[in-house]
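Asks: Just so it is clear, I am handing over entry.csv, which has CSV, C-alpha atoms.
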chain,number,residue,atom,x,y,z
A,1,MET,CA,0.0,0.0,0.0
A,2,ASP,CA,1.2,3.5,-0.7
A,3,THR,CA,2.2,5.7,2.2
A,4,LEU,CA,-0.8,7.4,3.8
A,5,ARG,CA,-1.1,11.1,3.0
A,6,PHE,CA,-2.6,13.6,5.4
A,7,LEU,CA,-3.7,17.2,5.0
A,8,LEU,CA,-3.5,19.1,8.3
A,9,VAL,CA,-5.3,22.4,8.7
A,10,ASN,CA,-6.7,24.6,11.5
A,11,ASP,CA,-8.2,27.9,12.4
A,12,ASP,CA,-5.9,28.9,15.2
A,13,GLY,CA,-3.1,29.8,12.8
A,14,ILE,CA,0.2,28.2,11.5
A,15,GLU,CA,2.0,29.0,14.8
A,16,ALA,CA,-0.5,27.5,17.1
A,17,GLU,CA,0.7,24.8,19.5
A,18,GLY,CA,-2.1,22.5,18.6
A,19,ILE,CA,-1.3,22.1,15.0
A,20,LYS,CA,2.3,21.3,15.8
A,21,ARG,CA,1.2,18.6,18.2
A,22,ALA,CA,-1.2,17.2,15.6
A,23,ALA,CA,1.6,17.2,12.9
A,24,ASN,CA,3.7,15.0,15.3
A,25,VAL,CA,0.9,12.6,15.7
A,26,LEU,CA,0.0,12.3,12.0
A,27,SER,CA,3.7,11.8,11.0
A,28,LYS,CA,3.6,8.5,12.9
A,29,PHE,CA,1.1,7.2,10.2
A,30,GLY,CA,2.4,8.8,7.0
A,31,ASP,CA,3.3,12.0,5.1
A,32,VAL,CA,1.8,15.3,6.4
A,33,LEU,CA,1.1,18.5,4.5
A,34,VAL,CA,0.4,21.4,6.8
A,35,VAL,CA,-1.6,24.3,5.4
A,36,ALA,CA,-2.9,26.8,7.9
A,37,PRO,CA,-4.0,30.4,8.1
A,38,LYS,CA,-1.3,33.0,8.7
A,39,GLU,CA,-3.2,34.3,11.7
A,40,GLU,CA,-6.0,33.0,13.9
A,41,LYS,CA,-9.3,32.7,12.0
A,42,SER,CA,-11.7,31.3,14.7
A,43,GLY,CA,-15.4,31.8,14.0
A,44,THR,CA,-15.0,32.2,10.2
A,45,SER,CA,-17.2,29.2,9.5
A,46,HIS,CA,-17.2,28.1,5.9
A,47,SER,CA,-16.2,31.5,4.4
A,48,ILE,CA,-13.9,31.8,1.5
A,49,SER,CA,-11.8,34.8,0.3
A,50,LEU,CA,-13.9,35.0,-2.9
A,51,ARG,CA,-12.2,37.0,-5.7
A,52,LYS,CA,-9.4,38.2,-3.4
A,53,SER,CA,-5.7,37.7,-3.8
A,54,ILE,CA,-4.5,35.1,-1.3
A,55,LYS,CA,-0.8,35.0,-0.3
A,56,VAL,CA,0.7,31.6,0.3
A,57,ASN,CA,4.1,31.3,2.0
A,58,LYS,CA,6.2,28.2,2.3
A,59,ILE,CA,7.4,28.2,5.9
A,60,LYS,CA,9.5,25.0,5.6
A,61,GLU,CA,9.2,21.7,3.8
A,62,ASN,CA,5.5,20.7,3.8
A,63,PHE,CA,4.4,23.7,5.9
A,64,TYR,CA,2.5,26.5,4.3
A,65,SER,CA,0.8,29.6,5.7
A,66,VAL,CA,-2.2,31.1,3.9
A,67,ASP,CA,-3.4,34.7,4.2
A,68,GLY,CA,-7.0,33.6,4.2
A,69,THR,CA,-9.6,31.4,5.9
A,70,PRO,CA,-9.4,27.7,7.0
A,71,VAL,CA,-11.5,26.7,4.0
A,72,ASP,CA,-9.2,28.7,1.7
A,73,CYS,CA,-6.4,26.5,3.1
A,74,VAL,CA,-8.2,23.4,2.1
A,75,LEU,CA,-9.1,24.7,-1.4
A,76,ILE,CA,-5.5,25.8,-2.1
A,77,ALA,CA,-4.1,22.6,-0.8
A,78,MET,CA,-6.4,20.4,-2.8
A,79,GLU,CA,-6.2,22.4,-6.0
A,80,VAL,CA,-2.6,23.5,-6.0
A,81,LEU,CA,-0.2,22.1,-3.3
A,82,LEU,CA,-1.1,18.4,-3.3
A,83,LYS,CA,0.0,16.1,-6.1
A,84,ARG,CA,-2.7,13.7,-5.1
A,85,ARG,CA,-5.7,13.7,-2.9
A,86,PRO,CA,-4.9,13.0,0.8
A,87,ASP,CA,-6.2,9.9,2.5
A,88,ILE,CA,-7.5,11.9,5.5
A,89,VAL,CA,-8.0,15.6,6.4
A,90,VAL,CA,-7.4,16.6,10.0
A,91,SER,CA,-8.4,20.0,11.3
A,92,GLY,CA,-6.8,20.8,14.7
A,93,ILE,CA,-5.8,20.3,17.3
A,94,ASN,CA,-8.0,23.3,18.0
A,95,TYR,CA,-7.9,25.0,21.4
A,96,GLY,CA,-11.5,25.7,22.4
A,97,PHE,CA,-14.6,23.5,22.1
A,98,ASN,CA,-16.7,23.1,18.9
A,99,LEU,CA,-19.9,21.6,20.3
A,100,GLY,CA,-23.5,21.8,19.3
A,101,GLU,CA,-24.5,24.9,17.3
A,102,ASP,CA,-20.8,26.0,17.3
A,103,THR,CA,-20.2,23.5,14.5
A,104,LEU,CA,-22.0,26.1,12.3
A,105,TYR,CA,-19.6,28.9,13.3
A,106,SER,CA,-16.4,27.0,13.6
A,107,GLY,CA,-13.5,27.4,11.2
A,108,THR,CA,-12.1,24.2,12.5
A,109,VAL,CA,-15.2,22.2,11.6
A,110,ALA,CA,-15.6,24.1,8.3
A,111,ALA,CA,-12.1,23.1,7.1
A,112,ALA,CA,-12.9,19.4,7.8
A,113,ARG,CA,-16.3,19.8,6.1
A,114,GLU,CA,-14.5,21.2,3.0
A,115,GLY,CA,-12.3,18.1,3.0
A,116,PHE,CA,-15.5,15.9,3.3
A,117,LEU,CA,-17.0,17.8,0.3
A,118,TYR,CA,-13.9,16.8,-1.7
A,119,GLY,CA,-14.7,13.2,-0.9
A,120,VAL,CA,-12.0,12.8,1.7
A,121,PRO,CA,-12.6,11.4,5.1
A,122,SER,CA,-12.2,14.3,7.5
A,123,ILE,CA,-11.8,14.9,11.3
A,124,ALA,CA,-12.3,18.2,13.2
A,125,PHE,CA,-10.5,17.8,16.6
A,126,SER,CA,-10.8,20.2,19.5
A,127,VAL,CA,-9.8,20.4,23.1
A,128,GLY,CA,-11.5,22.7,25.6
A,129,PRO,CA,-9.8,24.6,28.4
A,130,LYS,CA,-9.7,23.0,31.8
A,131,GLY,CA,-7.7,25.2,34.2
A,132,GLU,CA,-5.0,27.7,33.3
A,133,ARG,CA,-2.5,25.8,31.3
A,134,LYS,CA,-2.5,24.2,27.9
A,135,ILE,CA,-1.3,20.6,28.0
A,136,PHE,CA,-2.7,18.9,24.9
A,137,GLU,CA,-1.7,15.5,26.3
A,138,GLY,CA,-5.1,13.9,26.2
A,139,GLY,CA,-5.7,15.5,22.8
A,140,GLU,CA,-2.6,14.0,21.3
A,141,TYR,CA,-3.3,10.6,22.8
A,142,TYR,CA,-6.8,10.3,21.6
A,143,LEU,CA,-6.1,11.8,18.1
A,144,GLU,CA,-3.5,9.0,17.7
A,145,TYR,CA,-5.9,6.4,19.1
A,146,LEU,CA,-8.7,7.4,16.8
A,147,LEU,CA,-6.5,7.5,13.7
A,148,ARG,CA,-5.1,4.1,14.6
A,149,LYS,CA,-8.6,2.6,14.8
A,150,ILE,CA,-9.7,4.3,11.6
A,151,ILE,CA,-6.6,3.0,9.7
A,152,GLU,CA,-6.6,-0.5,11.1
A,153,SER,CA,-10.3,-0.9,10.3
A,154,LYS,CA,-9.8,0.6,6.8
A,155,LEU,CA,-12.6,3.0,7.6
A,156,TYR,CA,-10.6,5.7,5.9
A,157,LYS,CA,-11.6,4.1,2.6
A,158,GLU,CA,-15.1,5.5,3.2
A,159,ASN,CA,-16.0,9.2,3.3
A,160,PHE,CA,-16.9,10.6,6.7
A,161,LEU,CA,-16.9,13.8,8.7
A,162,LEU,CA,-16.2,13.5,12.4
A,163,ASN,CA,-16.3,16.2,15.1
A,164,VAL,CA,-14.2,15.3,18.1
A,165,ASN,CA,-14.1,17.3,21.4
A,166,LEU,CA,-12.6,16.7,24.9
A,167,TYR,CA,-11.4,18.6,27.8
A,168,ASP,CA,-7.7,19.5,27.7
A,169,LEU,CA,-6.7,16.9,30.3
A,170,LYS,CA,-4.0,14.3,31.0
A,171,VAL,CA,-4.7,10.9,29.6
A,172,GLU,CA,-5.5,9.3,32.9
A,173,GLU,CA,-8.1,11.9,33.6
A,174,ILE,CA,-10.2,11.0,30.6
A,175,LYS,CA,-12.8,8.2,31.0
A,176,GLY,CA,-12.9,7.0,27.4
A,177,ILE,CA,-14.8,7.7,24.1
A,178,LYS,CA,-18.5,8.1,23.4
A,179,ILE,CA,-20.2,8.4,20.0
A,180,THR,CA,-22.6,11.3,20.4
A,181,LYS,CA,-25.1,13.6,18.8
A,182,LEU,CA,-24.9,17.4,18.6
A,183,GLY,CA,-25.9,18.9,21.9
A,184,LYS,CA,-26.4,22.5,23.0
A,185,ARG,CA,-24.2,25.3,24.3
A,186,HIS,CA,-25.0,28.7,25.7
A,187,TYR,CA,-22.9,31.9,25.8
A,188,LEU,CA,-23.2,34.3,28.7
A,189,ASN,CA,-23.1,37.9,27.6
A,190,PRO,CA,-22.5,37.1,23.9
A,191,VAL,CA,-22.4,40.8,22.9
A,192,GLU,CA,-20.4,43.2,25.1
A,193,LYS,CA,-20.6,46.9,24.8
A,194,VAL,CA,-17.1,48.4,24.6
A,195,GLU,CA,-18.1,52.0,24.2
A,196,GLU,CA,-20.8,54.1,22.6
A,197,ASN,CA,-21.8,52.4,19.3
A,198,VAL,CA,-18.9,49.8,19.7
A,199,PHE,CA,-19.6,46.2,20.6
A,200,ARG,CA,-17.6,43.0,20.9
A,201,ILE,CA,-19.0,39.5,20.2
A,202,GLY,CA,-17.7,36.7,22.4
A,203,GLY,CA,-19.0,35.8,25.8
A,204,ARG,CA,-18.3,32.9,28.1
A,205,LEU,CA,-19.2,29.4,27.0
A,206,GLU,CA,-21.6,27.4,29.2
A,207,LEU,CA,-22.1,23.8,28.2
A,208,VAL,CA,-25.6,22.3,28.6
A,209,TYR,CA,-25.8,18.7,29.7
A,210,GLU,CA,-27.9,16.4,27.6
A,211,GLU,CA,-27.7,12.7,27.6
A,212,ASP,CA,-25.9,11.1,24.5
A,213,SER,CA,-24.9,14.6,23.3
A,214,ASP,CA,-21.4,16.0,22.6
A,215,SER,CA,-21.6,18.5,25.5
A,216,GLY,CA,-22.9,15.8,27.8
A,217,ALA,CA,-20.1,13.4,27.1
A,218,VAL,CA,-17.5,16.2,27.5
A,219,LEU,CA,-19.0,17.3,30.8
A,220,GLU,CA,-18.8,13.7,32.0
A,221,GLY,CA,-15.1,13.5,31.2
A,222,TYR,CA,-15.3,11.6,27.9
A,223,VAL,CA,-14.0,12.2,24.4
A,224,SER,CA,-17.0,13.1,22.2
A,225,VAL,CA,-17.0,11.8,18.6
A,226,THR,CA,-19.9,13.1,16.6
A,227,PRO,CA,-20.4,11.9,13.0
A,228,LEU,CA,-21.7,14.8,11.0
A,229,ALA,CA,-23.6,15.0,7.7
A,230,ILE,CA,-24.3,17.8,5.2
A,231,GLU,CA,-28.0,17.0,4.6
A,232,CYS,CA,-30.0,19.9,6.1
A,233,LEU,CA,-33.4,19.2,4.6
A,234,ASP,CA,-36.3,19.2,7.0
A,235,PHE,CA,-38.2,16.2,5.7
A,236,ASN,CA,-41.3,16.7,7.8
A,237,LEU,CA,-41.7,20.3,6.7
A,238,ALA,CA,-41.0,19.4,3.1
A,239,SER,CA,-43.8,16.8,3.3
A,240,LYS,CA,-46.2,19.4,4.7
A,241,LEU,CA,-45.3,22.0,2.1
A,242,LYS,CA,-45.9,19.5,-0.7
A,243,LYS,CA,-49.5,19.1,0.5
A,244,ILE,CA,-50.0,22.8,0.9
A,245,ILE,CA,-48.2,24.2,-2.2
A,246,GLU,CA,-47.8,21.5,-4.9
Transcribe the structure of this file into C-alpha cells.
Replies:
Amino acid sequence: MDTLRFLLVNDDGIEAEGIKRAANVLSKFGDVLVVAPKEEKSGTSHSISLRKSIKVNKIKENFYSVDGTPVDCVLIAMEVLLKRRPDIVVSGINYGFNLGEDTLYSGTVAAAREGFLYGVPSIAFSVGPKGERKIFEGGEYYLEYLLRKIIESKLYKENFLLNVNLYDLKVEEIKGIKITKLGKRHYLNPVEKVEENVFRIGGRLELVYEEDSDSGAVLEGYVSVTPLAIECLDFNLASKLKKIIE
C-alpha cells in the first residue's frame, strides 16, 4: 500500500501549538502536508476569500501559511499544493470547544467539512480549556488512538466527517470515548458593549448537559466523537409543504 497522506489544517493559525502537536501525531502514520491560516481565523465558519488575492508562503518543507480562511487553506491545498488527494484531512488540534451549534460557526469544523465535500474522510479535533495551562496530552493521545482505529479498520476508505471534542486533560483523567449527537451550548453575555456604538462579540461558553450529546459526554469526562452530515433538509416540513403548495 502507498504511504498514507494527510492534509492538516486549523483555524488557530500556523504558529498554534495544537497544529504542531497534531503534525507530530500524524507523522507516525504517513506523510503530512500542513496548510494553515497565517493568523487566527476562529469563527470564520465556511467562508472563503472570494475573488481576493491570497498570499501563500512556504514556511518550511510541507508547511505553508495562507493569508486567508481555513476553507481557503483546504481549497488551495487540494487544487494547487497536493500532487494527489490526501487519504485523511485533519483540522486541529483546535484550542476551544466546537460543540452543538458552534459547529456552524467553527472554522475548524468548516475546514474538515470542505475536505469531506472533496470526498476525503475528515476529522475536526478540538480540546477545551480546563484550568489555566494548555497541555494537549489527552488530545494527542486520543487523536492517535482514533486514527489508529480508523486506519486499522480501513474506515478511511469511506468518506466521513467527524467532530471530536474533549477537555484539555491528561490521559488518565479522561474516561474514554462516546459516540454522540450534537448537543447544546450557551454563551453568557455574547455581545459586550465596549463604548458608545462599539460592541464585541464573544461571551463565556456554558455547556448544557444532555444525555448522549457531545456536550454531555465532555462534561462527564469523555471524548465526544460526533459523526456529521451535510444534509440539512427538514423532511417533515417538506412533506407538509408538498401538501399545501404543490
Asks: What are the nearest atom pairs, with distances in Å to one decimal, for all residues of range 132-226 of chain A that come at most 12 Å from range 93-112 of chain A, using only C-alpha atoms, set out by chain and rising residue number as CSV?
Replies:
residue,atom,partner,partner_atom,distance
A:Arg133,CA,A:Tyr95,CA,11.3
A:Lys134,CA,A:Tyr95,CA,8.5
A:Ile135,CA,A:Tyr95,CA,10.3
A:Phe136,CA,A:Ile93,CA,8.3
A:Glu137,CA,A:Ile93,CA,11.0
A:Gly138,CA,A:Ile93,CA,11.0
A:Gly139,CA,A:Ile93,CA,7.3
A:Glu140,CA,A:Ile93,CA,8.1
A:Tyr141,CA,A:Ile93,CA,11.4
A:Tyr142,CA,A:Ile93,CA,10.9
A:Leu143,CA,A:Ile93,CA,8.5
A:Glu144,CA,A:Ile93,CA,11.5
A:Asn159,CA,A:Ala112,CA,11.6
A:Phe160,CA,A:Ala112,CA,9.7
A:Leu161,CA,A:Ala112,CA,6.9
A:Leu162,CA,A:Ala112,CA,8.2
A:Asn163,CA,A:Val109,CA,7.0
A:Val164,CA,A:Asn98,CA,8.2
A:Asn165,CA,A:Phe97,CA,6.3
A:Leu166,CA,A:Phe97,CA,7.6
A:Tyr167,CA,A:Phe97,CA,8.2
A:Asp168,CA,A:Tyr95,CA,8.4
A:Thr180,CA,A:Gly100,CA,10.6
A:Lys181,CA,A:Gly100,CA,8.4
A:Leu182,CA,A:Gly100,CA,4.7
A:Gly183,CA,A:Gly100,CA,4.6
A:Lys184,CA,A:Gly100,CA,4.8
A:Arg185,CA,A:Gly100,CA,6.1
A:His186,CA,A:Glu101,CA,9.2
A:Tyr187,CA,A:Asp102,CA,10.6
A:Arg204,CA,A:Gly96,CA,11.4
A:Leu205,CA,A:Phe97,CA,8.9
A:Glu206,CA,A:Phe97,CA,10.7
A:Leu207,CA,A:Leu99,CA,8.5
A:Val208,CA,A:Gly100,CA,9.5
A:Tyr209,CA,A:Gly100,CA,11.1
A:Glu210,CA,A:Gly100,CA,10.8
A:Ser213,CA,A:Gly100,CA,8.4
A:Asp214,CA,A:Leu99,CA,6.2
A:Ser215,CA,A:Leu99,CA,6.3
A:Gly216,CA,A:Leu99,CA,9.9
A:Ala217,CA,A:Leu99,CA,10.7
A:Val218,CA,A:Leu99,CA,9.3
A:Leu219,CA,A:Leu99,CA,11.4
A:Val223,CA,A:Phe97,CA,11.5
A:Ser224,CA,A:Leu99,CA,9.2
A:Val225,CA,A:Leu99,CA,10.4
A:Thr226,CA,A:Leu99,CA,9.3
Asks: I need the residues from that last selection saved to file as a CSV table (one decimal), in the frame of the given file (with C-alpha atoms), if you can.
Replies:
chain,number,residue,atom,x,y,z
A,133,ARG,CA,-2.5,25.8,31.3
A,134,LYS,CA,-2.5,24.2,27.9
A,135,ILE,CA,-1.3,20.6,28.0
A,136,PHE,CA,-2.7,18.9,24.9
A,137,GLU,CA,-1.7,15.5,26.3
A,138,GLY,CA,-5.1,13.9,26.2
A,139,GLY,CA,-5.7,15.5,22.8
A,140,GLU,CA,-2.6,14.0,21.3
A,141,TYR,CA,-3.3,10.6,22.8
A,142,TYR,CA,-6.8,10.3,21.6
A,143,LEU,CA,-6.1,11.8,18.1
A,144,GLU,CA,-3.5,9.0,17.7
A,159,ASN,CA,-16.0,9.2,3.3
A,160,PHE,CA,-16.9,10.6,6.7
A,161,LEU,CA,-16.9,13.8,8.7
A,162,LEU,CA,-16.2,13.5,12.4
A,163,ASN,CA,-16.3,16.2,15.1
A,164,VAL,CA,-14.2,15.3,18.1
A,165,ASN,CA,-14.1,17.3,21.4
A,166,LEU,CA,-12.6,16.7,24.9
A,167,TYR,CA,-11.4,18.6,27.8
A,168,ASP,CA,-7.7,19.5,27.7
A,180,THR,CA,-22.6,11.3,20.4
A,181,LYS,CA,-25.1,13.6,18.8
A,182,LEU,CA,-24.9,17.4,18.6
A,183,GLY,CA,-25.9,18.9,21.9
A,184,LYS,CA,-26.4,22.5,23.0
A,185,ARG,CA,-24.2,25.3,24.3
A,186,HIS,CA,-25.0,28.7,25.7
A,187,TYR,CA,-22.9,31.9,25.8
A,204,ARG,CA,-18.3,32.9,28.1
A,205,LEU,CA,-19.2,29.4,27.0
A,206,GLU,CA,-21.6,27.4,29.2
A,207,LEU,CA,-22.1,23.8,28.2
A,208,VAL,CA,-25.6,22.3,28.6
A,209,TYR,CA,-25.8,18.7,29.7
A,210,GLU,CA,-27.9,16.4,27.6
A,213,SER,CA,-24.9,14.6,23.3
A,214,ASP,CA,-21.4,16.0,22.6
A,215,SER,CA,-21.6,18.5,25.5
A,216,GLY,CA,-22.9,15.8,27.8
A,217,ALA,CA,-20.1,13.4,27.1
A,218,VAL,CA,-17.5,16.2,27.5
A,219,LEU,CA,-19.0,17.3,30.8
A,223,VAL,CA,-14.0,12.2,24.4
A,224,SER,CA,-17.0,13.1,22.2
A,225,VAL,CA,-17.0,11.8,18.6
A,226,THR,CA,-19.9,13.1,16.6
Asks: Please compute the CA of Pro70 in chain A-CA of Lys149 in chain A distance, one decimal, in Å.
Replies: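 Separation between CA of Pro70 in chain A and CA of Lys149 in chain A: 26.3 Å.
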Asks: CA of Tyr64 in chain A to CA of Val34 in chain A: how many Å, to one decimal?
Replies: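 These atoms are spaced 6.1 Å apart.
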Asks: Find, counting only C-alpha atoms, the residue in A:Ala77, A:Ile174, A:Val120, A:Val90 that gets nearest to Val25 in chain A.
Replies: A:Val90
Asks: Could you give me, as an mmCIF file with C-alpha atoms, in the frame of the given file, the residues within 12 Å of Asp72 in chain A, counting all atoms listed in the file and dropping anything in the same chain fewer than 3 positions from it?
Replies:
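Below is the file out.cif, written as the result:
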data_model
loop_
_atom_site.group_PDB
_atom_site.id
_atom_site.type_symbol
_atom_site.label_atom_id
_atom_site.label_comp_id
_atom_site.auth_asym_id
_atom_site.auth_seq_id
_atom_site.Cartn_x
_atom_site.Cartn_y
_atom_site.Cartn_z
ATOM 1 C CA VAL A 9 -5.300 22.400 8.700
ATOM 2 C CA ASN A 10 -6.700 24.600 11.500
ATOM 3 C CA ASP A 11 -8.200 27.900 12.400
ATOM 4 C CA VAL A 35 -1.600 24.300 5.400
ATOM 5 C CA ALA A 36 -2.900 26.800 7.900
ATOM 6 C CA PRO A 37 -4.000 30.400 8.100
ATOM 7 C CA LYS A 38 -1.300 33.000 8.700
ATOM 8 C CA LYS A 41 -9.300 32.700 12.000
ATOM 9 C CA THR A 44 -15.000 32.200 10.200
ATOM 10 C CA SER A 45 -17.200 29.200 9.500
ATOM 11 C CA HIS A 46 -17.200 28.100 5.900
ATOM 12 C CA SER A 47 -16.200 31.500 4.400
ATOM 13 C CA ILE A 48 -13.900 31.800 1.500
ATOM 14 C CA SER A 49 -11.800 34.800 0.300
ATOM 15 C CA LEU A 50 -13.900 35.000 -2.900
ATOM 16 C CA ARG A 51 -12.200 37.000 -5.700
ATOM 17 C CA LYS A 52 -9.400 38.200 -3.400
ATOM 18 C CA SER A 53 -5.700 37.700 -3.800
ATOM 19 C CA ILE A 54 -4.500 35.100 -1.300
ATOM 20 C CA LYS A 55 -0.800 35.000 -0.300
ATOM 21 C CA VAL A 56 0.700 31.600 0.300
ATOM 22 C CA SER A 65 0.800 29.600 5.700
ATOM 23 C CA VAL A 66 -2.200 31.100 3.900
ATOM 24 C CA ASP A 67 -3.400 34.700 4.200
ATOM 25 C CA GLY A 68 -7.000 33.600 4.200
ATOM 26 C CA THR A 69 -9.600 31.400 5.900
ATOM 27 C CA LEU A 75 -9.100 24.700 -1.400
ATOM 28 C CA ILE A 76 -5.500 25.800 -2.100
ATOM 29 C CA ALA A 77 -4.100 22.600 -0.800
ATOM 30 C CA MET A 78 -6.400 20.400 -2.800
ATOM 31 C CA GLU A 79 -6.200 22.400 -6.000
ATOM 32 C CA VAL A 80 -2.600 23.500 -6.000
ATOM 33 C CA GLY A 107 -13.500 27.400 11.200
ATOM 34 C CA ALA A 110 -15.600 24.100 8.300
ATOM 35 C CA ALA A 111 -12.100 23.100 7.100
ATOM 36 C CA ALA A 112 -12.900 19.400 7.800
ATOM 37 C CA GLU A 114 -14.500 21.200 3.000
ATOM 38 C CA GLY A 115 -12.300 18.100 3.000
#
Asks: What lies within 7 Å of Leu7 in chain A using all atoms listed in the file, ignoring chain neighbours under 3 positions off, as a CSV table (one decimal) with C-alpha atoms, in the coordinates of the input?
Replies:
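In the end it all went to out_26.csv:
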chain,number,residue,atom,x,y,z
A,32,VAL,CA,1.8,15.3,6.4
A,33,LEU,CA,1.1,18.5,4.5
A,34,VAL,CA,0.4,21.4,6.8
A,86,PRO,CA,-4.9,13.0,0.8
A,88,ILE,CA,-7.5,11.9,5.5
A,89,VAL,CA,-8.0,15.6,6.4
A,90,VAL,CA,-7.4,16.6,10.0
Asks: Write out as a VMD selection string the residues lying within 12 Å of Lys157 in chain A, counting all atoms listed in the file and excluding same-chain residues fewer than 4 positions away.
Replies: chain A and resid 4 86 to 88 119 to 122 150 to 153
Asks: Can you work out the spacing between CA of Leu233 in chain A and CA of Leu155 in chain A in Å, to one decimal?
Replies: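 Interatomic distance, CA of Leu233 in chain A to CA of Leu155 in chain A: 26.5 Å.
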Asks: Out of A:Cys73, A:Glu61, A:Leu147, A:Asp12, which residue has the shortest atom-to-atom distance to Gly30 in chain A when counting only C-alpha atoms?
Replies: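 Using only C-alpha atoms, Gly30 in chain A sits closest to A:Leu147.
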Asks: For range 13-23 of chain A, what centre and edge lengths in Å (one decimal) does the axis-aligned box get once 3 Å is added on each side of all its listed atoms, as AutoDock Vina command-line options?
Replies:
--center_x -0.4 --center_y 23.5 --center_z 15.5 --size_x 11.4 --size_y 18.6 --size_z 14.0
Asks: Taking all heavy atoms as the atom set, what does range 214-220 of chain A look like once completed, written as a PDB file, keeping the file's coordinate frame?
Replies:
ATOM      1  N   ASP A 214     -22.821  15.621  22.572  1.00  0.00           N
ATOM      2  CA  ASP A 214     -21.400  16.000  22.600  1.00  0.00           C
ATOM      3  C   ASP A 214     -21.053  16.715  23.899  1.00  0.00           C
ATOM      4  O   ASP A 214     -20.090  16.399  24.594  1.00  0.00           O
ATOM      5  CB  ASP A 214     -20.959  16.710  21.369  1.00  0.00           C
ATOM      6  CG  ASP A 214     -21.797  17.939  21.050  1.00  0.00           C
ATOM      7  OD1 ASP A 214     -22.713  18.279  21.829  1.00  0.00           O
ATOM      8  OD2 ASP A 214     -21.540  18.565  19.994  1.00  0.00           O
ATOM      9  N   SER A 215     -21.865  17.706  24.243  1.00  0.00           N
ATOM     10  CA  SER A 215     -21.600  18.500  25.500  1.00  0.00           C
ATOM     11  C   SER A 215     -21.746  17.615  26.702  1.00  0.00           C
ATOM     12  O   SER A 215     -20.973  17.743  27.656  1.00  0.00           O
ATOM     13  CB  SER A 215     -22.519  19.696  25.525  1.00  0.00           C
ATOM     14  OG  SER A 215     -23.877  19.316  25.411  1.00  0.00           O
ATOM     15  N   GLY A 216     -22.748  16.724  26.688  1.00  0.00           N
ATOM     16  CA  GLY A 216     -22.900  15.800  27.800  1.00  0.00           C
ATOM     17  C   GLY A 216     -21.748  14.917  28.037  1.00  0.00           C
ATOM     18  O   GLY A 216     -21.289  14.723  29.172  1.00  0.00           O
ATOM     19  N   ALA A 217     -21.230  14.344  26.964  1.00  0.00           N
ATOM     20  CA  ALA A 217     -20.100  13.400  27.100  1.00  0.00           C
ATOM     21  C   ALA A 217     -18.854  14.184  27.603  1.00  0.00           C
ATOM     22  O   ALA A 217     -18.137  13.669  28.475  1.00  0.00           O
ATOM     23  CB  ALA A 217     -19.770  12.835  25.701  1.00  0.00           C
ATOM     24  N   VAL A 218     -18.620  15.388  27.095  1.00  0.00           N
ATOM     25  CA  VAL A 218     -17.500  16.200  27.500  1.00  0.00           C
ATOM     26  C   VAL A 218     -17.598  16.517  29.021  1.00  0.00           C
ATOM     27  O   VAL A 218     -16.632  16.410  29.792  1.00  0.00           O
ATOM     28  CB  VAL A 218     -17.332  17.443  26.677  1.00  0.00           C
ATOM     29  CG1 VAL A 218     -16.377  18.433  27.329  1.00  0.00           C
ATOM     30  CG2 VAL A 218     -16.827  17.081  25.285  1.00  0.00           C
ATOM     31  N   LEU A 219     -18.780  16.929  29.432  1.00  0.00           N
ATOM     32  CA  LEU A 219     -19.000  17.300  30.800  1.00  0.00           C
ATOM     33  C   LEU A 219     -18.784  16.072  31.756  1.00  0.00           C
ATOM     34  O   LEU A 219     -18.375  16.224  32.909  1.00  0.00           O
ATOM     35  CB  LEU A 219     -20.414  17.822  31.028  1.00  0.00           C
ATOM     36  CG  LEU A 219     -20.650  19.259  30.549  1.00  0.00           C
ATOM     37  CD1 LEU A 219     -22.139  19.581  30.531  1.00  0.00           C
ATOM     38  CD2 LEU A 219     -19.903  20.254  31.439  1.00  0.00           C
ATOM     39  N   GLU A 220     -19.039  14.876  31.241  1.00  0.00           N
ATOM     40  CA  GLU A 220     -18.800  13.700  32.000  1.00  0.00           C
ATOM     41  C   GLU A 220     -17.382  13.180  32.015  1.00  0.00           C
ATOM     42  O   GLU A 220     -17.035  12.206  32.672  1.00  0.00           O
ATOM     43  CB  GLU A 220     -19.736  12.538  31.499  1.00  0.00           C
ATOM     44  CG  GLU A 220     -21.218  12.757  31.780  1.00  0.00           C
ATOM     45  CD  GLU A 220     -22.082  11.658  31.192  1.00  0.00           C
ATOM     46  OE1 GLU A 220     -21.674  11.064  30.165  1.00  0.00           O
ATOM     47  OE2 GLU A 220     -23.161  11.384  31.748  1.00  0.00           O
TER      48      GLU A 220
END
